[in-house]
Amino acid sequence: MQRIRAISVATVILLVVGTFWYFLRPLSGLNETSRPDGVGNQKSKLEPPPRQDPELVRLTEAQAAQANLVVGQVAQQPLQITRALSAHFAYDDRQHVEVRAATVCLLESVAVKPGDVVQQGQAIARLRCPDVGQTRSEVFRTQEALKIAEMERDWWLAISSGVKRVTEAIEKSAPANQIEEIAGEVLLGEYQEKLLVAYSQLQLASKLMESAEQSSRAISGIVLQQRTSELQRAKAALQATIESSLFETSQKYRQAELDADAANRDMLLAKQRLATLIGIFGSEVADFPSPSQTEDLALLNLKSPIFGTVENRYFTASERIEAGEPIFLIADTNRLW
């Protein structure tokens, strides 16, 4: 009995040991796959590859170069603090113009709108202004008056010069045919008759006196005295005619010259008023062309005084504009304050 009992105990021990060895064998296989010599690599090849992070972006070298990405080493640097401040921008007063109406007018048409860039002298609108038409008419009147005054001035200048030439020849006792030739070359007007008649009377009195002196024995003393008196009167009359002719022609020429100057000033003043209404100032007024009689006198082409941008338009077509009201705001926005 004891022998049978011992065999049974040995059998149970063998079963227990075999069971432990069976379960501990896989654990030893796992340890072999982690060996550095590559033992157990066959089992690791069957494992799936590691999963990639979906939020990770990978770029090729060409994409990185196109994106201008620079890889650098992180370093500590001072931080520059910026602040946002409110500001007010204004136009440069030297390049900022409000185009205003110089007189009451009607806006007939508009050629530009806000945002358009305009050149200096470019037409931006058409206005119809009665005052402009009236001033243009005044310019026409003063121009014609100036022409008449200048013609009269030139007339008296020519007469004054002619009278001076004839009187100089008379005072030099030139022959009658020479004086008549000079009188035919110059302009004398009504003074031609006065001078030539006075000179002819002097010539006649001189001949009668010479005849009386040659026949003094045949005529009486009374006749000789009479011839002498006639000669003196003729000389005095000629001298008076010469002096009055020189004085009168000089004075009339001077007065005509003053009238021409006054007419010229009236014309310049009318042109200045017209230039002010149109918008021309400074040295351009003297060279301002006179309006044509065929053009619409009340029509005014409004032009931009500077180069810039149309920032605002205050009126539209067919609106009435009072004197002094702004029509456009034009500014050079390349420079702001």
# chains A, B, ... in the order shown; residues from 1 in each chain; ligands from 1

$ select_by_dssp --residues "region 37-185 of chain A" --states "alpha helix (DSSP H)" --output "PyMOL selection string"
chain A and resi 41-44+61-66+130-171+176-185

$ residues_around --residues "Glu168 (chain A)" --least-positions-apart "6" --cutoff "10 Å" --atoms "only C-alpha atoms" --output "MDAnalysis selection string"
chainID A and resid 162 174 179 242

$ write_last_selection --atoms "C-alpha atoms" --output "mmCIF file, in the first residue's frame"
data_model
loop_
_atom_site.group_PDB
_atom_site.id
_atom_site.type_symbol
_atom_site.label_atom_id
_atom_site.label_comp_id
_atom_site.auth_asym_id
_atom_site.auth_seq_id
_atom_site.Cartn_x
_atom_site.Cartn_y
_atom_site.Cartn_z
ATOM 1 C CA GLY A 162 3.490 166.109 -91.670
ATOM 2 C CA ALA A 174 12.358 176.456 -99.509
ATOM 3 C CA ILE A 179 7.063 172.751 -100.340
ATOM 4 C CA ILE A 242 2.627 177.594 -88.410
#

$ closest_atom_pairs --of "region 119-227 of chain A" --to "region 247-262 of chain A" --cutoff "7 Å" --atoms "only C-alpha atoms" --output "JSON lines"
{"residue": "A:Leu146", "atom": "CA", "partner": "A:Ala260", "partner_atom": "CA", "distance": 6.0}
{"residue": "A:Ala149", "atom": "CA", "partner": "A:Ala260", "partner_atom": "CA", "distance": 4.6}
{"residue": "A:Glu150", "atom": "CA", "partner": "A:Ala260", "partner_atom": "CA", "distance": 5.4}
{"residue": "A:Glu152", "atom": "CA", "partner": "A:Ala256", "partner_atom": "CA", "distance": 6.1}
{"residue": "A:Arg153", "atom": "CA", "partner": "A:Ala256", "partner_atom": "CA", "distance": 4.5}
{"residue": "A:Trp156", "atom": "CA", "partner": "A:Tyr253", "partner_atom": "CA", "distance": 4.7}
{"residue": "A:Leu157", "atom": "CA", "partner": "A:Tyr253", "partner_atom": "CA", "distance": 5.5}
{"residue": "A:Ile159", "atom": "CA", "partner": "A:Thr249", "partner_atom": "CA", "distance": 6.7}
{"residue": "A:Ser160", "atom": "CA", "partner": "A:Thr249", "partner_atom": "CA", "distance": 4.9}

$ write_last_selection --atoms "N, CA, C and O atoms" --output "PDB file, in the first residue's frame"
ATOM      1  N   LEU A 146     -11.104 150.488 -78.553  1.00  0.00           N
ATOM      2  CA  LEU A 146      -9.649 150.615 -78.609  1.00  0.00           C
ATOM      3  C   LEU A 146      -9.170 150.752 -80.048  1.00  0.00           C
ATOM      4  O   LEU A 146      -8.266 151.546 -80.342  1.00  0.00           O
ATOM      5  N   ALA A 149      -9.858 154.302 -81.117  1.00  0.00           N
ATOM      6  CA  ALA A 149      -8.938 155.229 -80.463  1.00  0.00           C
ATOM      7  C   ALA A 149      -7.531 155.120 -81.039  1.00  0.00           C
ATOM      8  O   ALA A 149      -6.831 156.131 -81.210  1.00  0.00           O
ATOM      9  N   GLU A 150      -7.104 153.926 -81.341  1.00  0.00           N
ATOM     10  CA  GLU A 150      -5.768 153.752 -81.915  1.00  0.00           C
ATOM     11  C   GLU A 150      -5.699 154.331 -83.329  1.00  0.00           C
ATOM     12  O   GLU A 150      -4.676 154.933 -83.718  1.00  0.00           O
ATOM     13  N   GLU A 152      -7.472 156.879 -84.448  1.00  0.00           N
ATOM     14  CA  GLU A 152      -7.439 158.333 -84.300  1.00  0.00           C
ATOM     15  C   GLU A 152      -6.073 158.806 -83.808  1.00  0.00           C
ATOM     16  O   GLU A 152      -5.559 159.842 -84.249  1.00  0.00           O
ATOM     17  N   ARG A 153      -5.478 158.042 -82.897  1.00  0.00           N
ATOM     18  CA  ARG A 153      -4.136 158.402 -82.438  1.00  0.00           C
ATOM     19  C   ARG A 153      -3.131 158.369 -83.582  1.00  0.00           C
ATOM     20  O   ARG A 153      -2.320 159.292 -83.736  1.00  0.00           O
ATOM     21  N   TRP A 156      -3.660 161.462 -85.975  1.00  0.00           N
ATOM     22  CA  TRP A 156      -3.088 162.717 -85.507  1.00  0.00           C
ATOM     23  C   TRP A 156      -1.573 162.662 -85.400  1.00  0.00           C
ATOM     24  O   TRP A 156      -0.894 163.683 -85.536  1.00  0.00           O
ATOM     25  N   LEU A 157      -1.023 161.509 -85.192  1.00  0.00           N
ATOM     26  CA  LEU A 157       0.430 161.378 -85.205  1.00  0.00           C
ATOM     27  C   LEU A 157       0.983 161.661 -86.595  1.00  0.00           C
ATOM     28  O   LEU A 157       1.986 162.372 -86.758  1.00  0.00           O
ATOM     29  N   ILE A 159      -0.526 163.458 -88.980  1.00  0.00           N
ATOM     30  CA  ILE A 159      -0.735 164.876 -89.290  1.00  0.00           C
ATOM     31  C   ILE A 159       0.293 165.745 -88.571  1.00  0.00           C
ATOM     32  O   ILE A 159       0.865 166.689 -89.154  1.00  0.00           O
ATOM     33  N   SER A 160       0.539 165.417 -87.311  1.00  0.00           N
ATOM     34  CA  SER A 160       1.515 166.204 -86.561  1.00  0.00           C
ATOM     35  C   SER A 160       2.900 166.108 -87.190  1.00  0.00           C
ATOM     36  O   SER A 160       3.617 167.108 -87.315  1.00  0.00           O
TER      37      SER A 160
END

$ residues_around --residues "Gln232 (chain A)" --least-positions-apart "2" --cutoff "12 Å" --atoms "only C-alpha atoms" --output "PyMOL selection string"
chain A and resi 201-206+209+225-230+234-239

$ write_last_selection --atoms "C-alpha atoms" --output "PDB file, in the first residue's frame"
ATOM      1  CA  GLN A 201       0.032 184.962 -99.637  1.00  0.00           C
ATOM      2  CA  LEU A 202       3.515 185.515 -98.299  1.00  0.00           C
ATOM      3  CA  GLN A 203       5.022 184.653-101.675  1.00  0.00           C
ATOM      4  CA  LEU A 204       2.614 187.071-103.412  1.00  0.00           C
ATOM      5  CA  ALA A 205       3.337 189.846-100.956  1.00  0.00           C
ATOM      6  CA  SER A 206       7.066 189.292-101.404  1.00  0.00           C
ATOM      7  CA  MET A 209       7.247 194.184-102.658  1.00  0.00           C
ATOM      8  CA  GLN A 225       4.098 201.523 -97.720  1.00  0.00           C
ATOM      9  CA  GLN A 226       1.018 199.510 -98.605  1.00  0.00           C
ATOM     10  CA  ARG A 227       3.156 196.769-100.195  1.00  0.00           C
ATOM     11  CA  THR A 228       5.392 196.742 -97.155  1.00  0.00           C
ATOM     12  CA  SER A 229       2.418 196.436 -94.797  1.00  0.00           C
ATOM     13  CA  GLU A 230       0.949 193.581 -96.853  1.00  0.00           C
ATOM     14  CA  ALA A 234       1.538 187.893 -94.743  1.00  0.00           C
ATOM     15  CA  LYS A 235       4.618 186.987 -92.720  1.00  0.00           C
ATOM     16  CA  ALA A 236       2.722 187.360 -89.450  1.00  0.00           C
ATOM     17  CA  ALA A 237      -0.204 185.312 -90.762  1.00  0.00           C
ATOM     18  CA  LEU A 238       2.097 182.544 -91.944  1.00  0.00           C
ATOM     19  CA  GLN A 239       3.946 182.486 -88.648  1.00  0.00           C
TER      20      GLN A 239
END

$ closest_atom_pairs --of "region 234-285 of chain A" --to "region 299-318 of chain A" --cutoff "9 Å" --atoms "only C-alpha atoms" --output "Markdown table"
| residue | atom | partner | partner_atom | distance |
| --- | --- | --- | --- | --- |
| A:Ile278 | CA | A:Leu300 | CA | 7.0 |
| A:Gly279 | CA | A:Leu302 | CA | 8.0 |
| A:Ile280 | CA | A:Pro305 | CA | 8.9 |

$ atom_distance --atom1 "CA of Arg320 (chain A)" --atom2 "CA of Arg94 (chain A)"
28.9 Å

$ residues_around --residues "region 143-145 of chain A" --least-positions-apart "4" --cutoff "10 Å" --atoms "only C-alpha atoms" --output "ChimeraX atom specification"
/A:137-139,149-151,259-260,262-264,266-268,270-271,290

$ write_last_selection --atoms "C-alpha atoms" --output "PDB file, in the first residue's frame"
ATOM      1  CA  SER A 137     -19.899 141.458 -74.676  1.00  0.00           C
ATOM      2  CA  GLU A 138     -18.102 144.185 -72.717  1.00  0.00           C
ATOM      3  CA  VAL A 139     -14.792 142.825 -73.973  1.00  0.00           C
ATOM      4  CA  ALA A 149      -8.938 155.229 -80.463  1.00  0.00           C
ATOM      5  CA  GLU A 150      -5.768 153.752 -81.915  1.00  0.00           C
ATOM      6  CA  MET A 151      -6.789 154.777 -85.447  1.00  0.00           C
ATOM      7  CA  ASP A 259      -7.855 158.204 -75.291  1.00  0.00           C
ATOM      8  CA  ALA A 260      -6.162 155.143 -76.757  1.00  0.00           C
ATOM      9  CA  ALA A 262      -7.802 154.734 -71.610  1.00  0.00           C
ATOM     10  CA  ALA A 263      -9.494 152.440 -74.131  1.00  0.00           C
ATOM     11  CA  ASN A 264      -6.706 149.922 -73.693  1.00  0.00           C
ATOM     12  CA  ASP A 266     -10.888 149.547 -70.264  1.00  0.00           C
ATOM     13  CA  MET A 267     -10.304 146.537 -72.474  1.00  0.00           C
ATOM     14  CA  LEU A 268      -7.759 145.025 -70.051  1.00  0.00           C
ATOM     15  CA  ALA A 270     -12.969 143.875 -69.041  1.00  0.00           C
ATOM     16  CA  LYS A 271     -10.668 140.963 -69.878  1.00  0.00           C
ATOM     17  CA  SER A 290     -10.311 137.349 -76.802  1.00  0.00           C
TER      18      SER A 290
END

$ atom_distance --atom1 "CA of Phe328 (chain A)" --atom2 "CA of Pro130 (chain A)"
20.8 Å

$ select_by_dssp --residues "region 166-324 of chain A" --states "strand (DSSP E or B)" --output "list in words"
Leu299, Leu300, Asn301, Leu302, Lys303, Gly308, Thr309, Val310, Glu311, Asn312, Arg313, Arg320 and Ile321 of chain A

$ write_last_selection --atoms "C-alpha atoms" --output "mmCIF file, in the first residue's frame"
data_model
loop_
_atom_site.group_PDB
_atom_site.id
_atom_site.type_symbol
_atom_site.label_atom_id
_atom_site.label_comp_id
_atom_site.auth_asym_id
_atom_site.auth_seq_id
_atom_site.Cartn_x
_atom_site.Cartn_y
_atom_site.Cartn_z
ATOM 1 C CA LEU A 299 -21.292 129.165 -72.096
ATOM 2 C CA LEU A 300 -18.345 128.478 -69.774
ATOM 3 C CA ASN A 301 -16.135 125.386 -69.919
ATOM 4 C CA LEU A 302 -14.962 124.848 -66.356
ATOM 5 C CA LYS A 303 -11.380 123.501 -66.180
ATOM 6 C CA GLY A 308 -5.215 115.669 -58.855
ATOM 7 C CA THR A 309 -8.129 113.431 -58.032
ATOM 8 C CA VAL A 310 -11.779 114.486 -57.898
ATOM 9 C CA GLU A 311 -12.595 113.877 -54.236
ATOM 10 C CA ASN A 312 -16.113 115.283 -54.212
ATOM 11 C CA ARG A 313 -18.791 116.645 -56.522
ATOM 12 C CA ARG A 320 -28.482 126.163 -60.170
ATOM 13 C CA ILE A 321 -25.282 127.266 -58.455
#

$ atom_distance --atom1 "CA of Arg233 (chain A)" --atom2 "CA of Lys207 (chain A)"
14.1 Å

$ decode --residues "region 108-120 of chain A" --atoms "all heavy atoms" --output "mmCIF file, in the first residue's frame"
data_model
loop_
_atom_site.group_PDB
_atom_site.id
_atom_site.type_symbol
_atom_site.label_atom_id
_atom_site.label_comp_id
_atom_site.auth_asym_id
_atom_site.auth_seq_id
_atom_site.Cartn_x
_atom_site.Cartn_y
_atom_site.Cartn_z
ATOM 1 N N GLU A 108 -24.691 122.856 -66.701
ATOM 2 C CA GLU A 108 -25.281 122.225 -67.881
ATOM 3 C C GLU A 108 -24.913 120.747 -67.989
ATOM 4 O O GLU A 108 -25.759 119.907 -68.286
ATOM 5 C CB GLU A 108 -24.830 122.975 -69.136
ATOM 6 C CG GLU A 108 -25.559 122.557 -70.391
ATOM 7 C CD GLU A 108 -25.225 123.457 -71.552
ATOM 8 O OE1 GLU A 108 -25.891 124.508 -71.708
ATOM 9 O OE2 GLU A 108 -24.293 123.131 -72.307
ATOM 10 N N SER A 109 -23.631 120.404 -67.770
ATOM 11 C CA SER A 109 -23.204 119.014 -67.840
ATOM 12 C C SER A 109 -21.938 118.838 -67.016
ATOM 13 O O SER A 109 -21.206 119.801 -66.770
ATOM 14 C CB SER A 109 -22.944 118.587 -69.293
ATOM 15 O OG SER A 109 -21.884 119.338 -69.846
ATOM 16 N N VAL A 110 -21.698 117.591 -66.583
ATOM 17 C CA VAL A 110 -20.534 117.242 -65.771
ATOM 18 C C VAL A 110 -19.734 116.176 -66.505
ATOM 19 O O VAL A 110 -20.302 115.190 -66.988
ATOM 20 C CB VAL A 110 -20.959 116.734 -64.379
ATOM 21 C CG1 VAL A 110 -19.727 116.388 -63.542
ATOM 22 C CG2 VAL A 110 -21.803 117.783 -63.661
ATOM 23 N N ALA A 111 -18.419 116.358 -66.575
ATOM 24 C CA ALA A 111 -17.566 115.450 -67.344
ATOM 25 C C ALA A 111 -16.777 114.482 -66.471
ATOM 26 O O ALA A 111 -16.171 113.553 -67.002
ATOM 27 C CB ALA A 111 -16.600 116.246 -68.221
ATOM 28 N N VAL A 112 -16.748 114.690 -65.150
ATOM 29 C CA VAL A 112 -15.951 113.820 -64.276
ATOM 30 C C VAL A 112 -16.797 113.417 -63.078
ATOM 31 O O VAL A 112 -17.835 114.020 -62.791
ATOM 32 C CB VAL A 112 -14.658 114.526 -63.803
ATOM 33 C CG1 VAL A 112 -13.725 114.781 -64.965
ATOM 34 C CG2 VAL A 112 -14.995 115.819 -63.060
ATOM 35 N N LYS A 113 -16.310 112.405 -62.364
ATOM 36 C CA LYS A 113 -16.979 111.923 -61.157
ATOM 37 C C LYS A 113 -15.929 111.710 -60.069
ATOM 38 O O LYS A 113 -14.720 111.650 -60.359
ATOM 39 C CB LYS A 113 -17.723 110.618 -61.448
ATOM 40 C CG LYS A 113 -16.825 109.476 -61.894
ATOM 41 C CD LYS A 113 -17.645 108.252 -62.221
ATOM 42 C CE LYS A 113 -16.757 107.081 -62.631
ATOM 43 N NZ LYS A 113 -15.915 107.380 -63.792
ATOM 44 N N PRO A 114 -16.353 111.582 -58.805
ATOM 45 C CA PRO A 114 -15.387 111.347 -57.730
ATOM 46 C C PRO A 114 -14.544 110.100 -57.994
ATOM 47 O O PRO A 114 -15.061 109.054 -58.385
ATOM 48 C CB PRO A 114 -16.270 111.185 -56.490
ATOM 49 C CG PRO A 114 -17.495 111.982 -56.805
ATOM 50 C CD PRO A 114 -17.719 111.812 -58.271
ATOM 51 N N GLY A 115 -13.250 110.262 -57.789
ATOM 52 C CA GLY A 115 -12.312 109.175 -58.048
ATOM 53 C C GLY A 115 -11.550 109.320 -59.342
ATOM 54 O O GLY A 115 -10.531 108.657 -59.534
ATOM 55 N N ASP A 116 -12.033 110.185 -60.245
ATOM 56 C CA ASP A 116 -11.344 110.382 -61.526
ATOM 57 C C ASP A 116 -10.102 111.249 -61.328
ATOM 58 O O ASP A 116 -10.117 112.227 -60.574
ATOM 59 C CB ASP A 116 -12.267 111.060 -62.537
ATOM 60 C CG ASP A 116 -13.375 110.128 -63.002
ATOM 61 O OD1 ASP A 116 -13.282 108.916 -62.710
ATOM 62 O OD2 ASP A 116 -14.335 110.610 -63.630
ATOM 63 N N VAL A 117 -9.049 110.889 -62.026
ATOM 64 C CA VAL A 117 -7.816 111.681 -62.026
ATOM 65 C C VAL A 117 -7.896 112.676 -63.183
ATOM 66 O O VAL A 117 -8.171 112.289 -64.324
ATOM 67 C CB VAL A 117 -6.578 110.782 -62.171
ATOM 68 C CG1 VAL A 117 -5.307 111.622 -62.236
ATOM 69 C CG2 VAL A 117 -6.497 109.805 -61.005
ATOM 70 N N VAL A 118 -7.670 113.956 -62.889
ATOM 71 C CA VAL A 118 -7.778 115.004 -63.896
ATOM 72 C C VAL A 118 -6.443 115.707 -64.036
ATOM 73 O O VAL A 118 -5.670 115.815 -63.086
ATOM 74 C CB VAL A 118 -8.879 116.013 -63.516
ATOM 75 C CG1 VAL A 118 -10.243 115.362 -63.555
ATOM 76 C CG2 VAL A 118 -8.637 116.623 -62.138
ATOM 77 N N GLN A 119 -6.193 116.196 -65.242
ATOM 78 C CA GLN A 119 -4.987 116.960 -65.528
ATOM 79 C C GLN A 119 -5.281 118.448 -65.363
ATOM 80 O O GLN A 119 -6.433 118.882 -65.398
ATOM 81 C CB GLN A 119 -4.503 116.681 -66.959
ATOM 82 C CG GLN A 119 -4.229 115.217 -67.253
ATOM 83 C CD GLN A 119 -3.084 114.660 -66.457
ATOM 84 O OE1 GLN A 119 -2.124 115.370 -66.138
ATOM 85 N NE2 GLN A 119 -3.161 113.381 -66.128
ATOM 86 N N GLN A 120 -4.227 119.220 -65.185
ATOM 87 C CA GLN A 120 -4.398 120.664 -65.091
ATOM 88 C C GLN A 120 -4.880 121.215 -66.431
ATOM 89 O O GLN A 120 -4.306 120.948 -67.471
ATOM 90 C CB GLN A 120 -3.076 121.331 -64.699
ATOM 91 C CG GLN A 120 -3.193 122.831 -64.485
ATOM 92 C CD GLN A 120 -1.888 123.441 -64.018
ATOM 93 O OE1 GLN A 120 -0.864 122.771 -63.986
ATOM 94 N NE2 GLN A 120 -1.907 124.701 -63.669
#
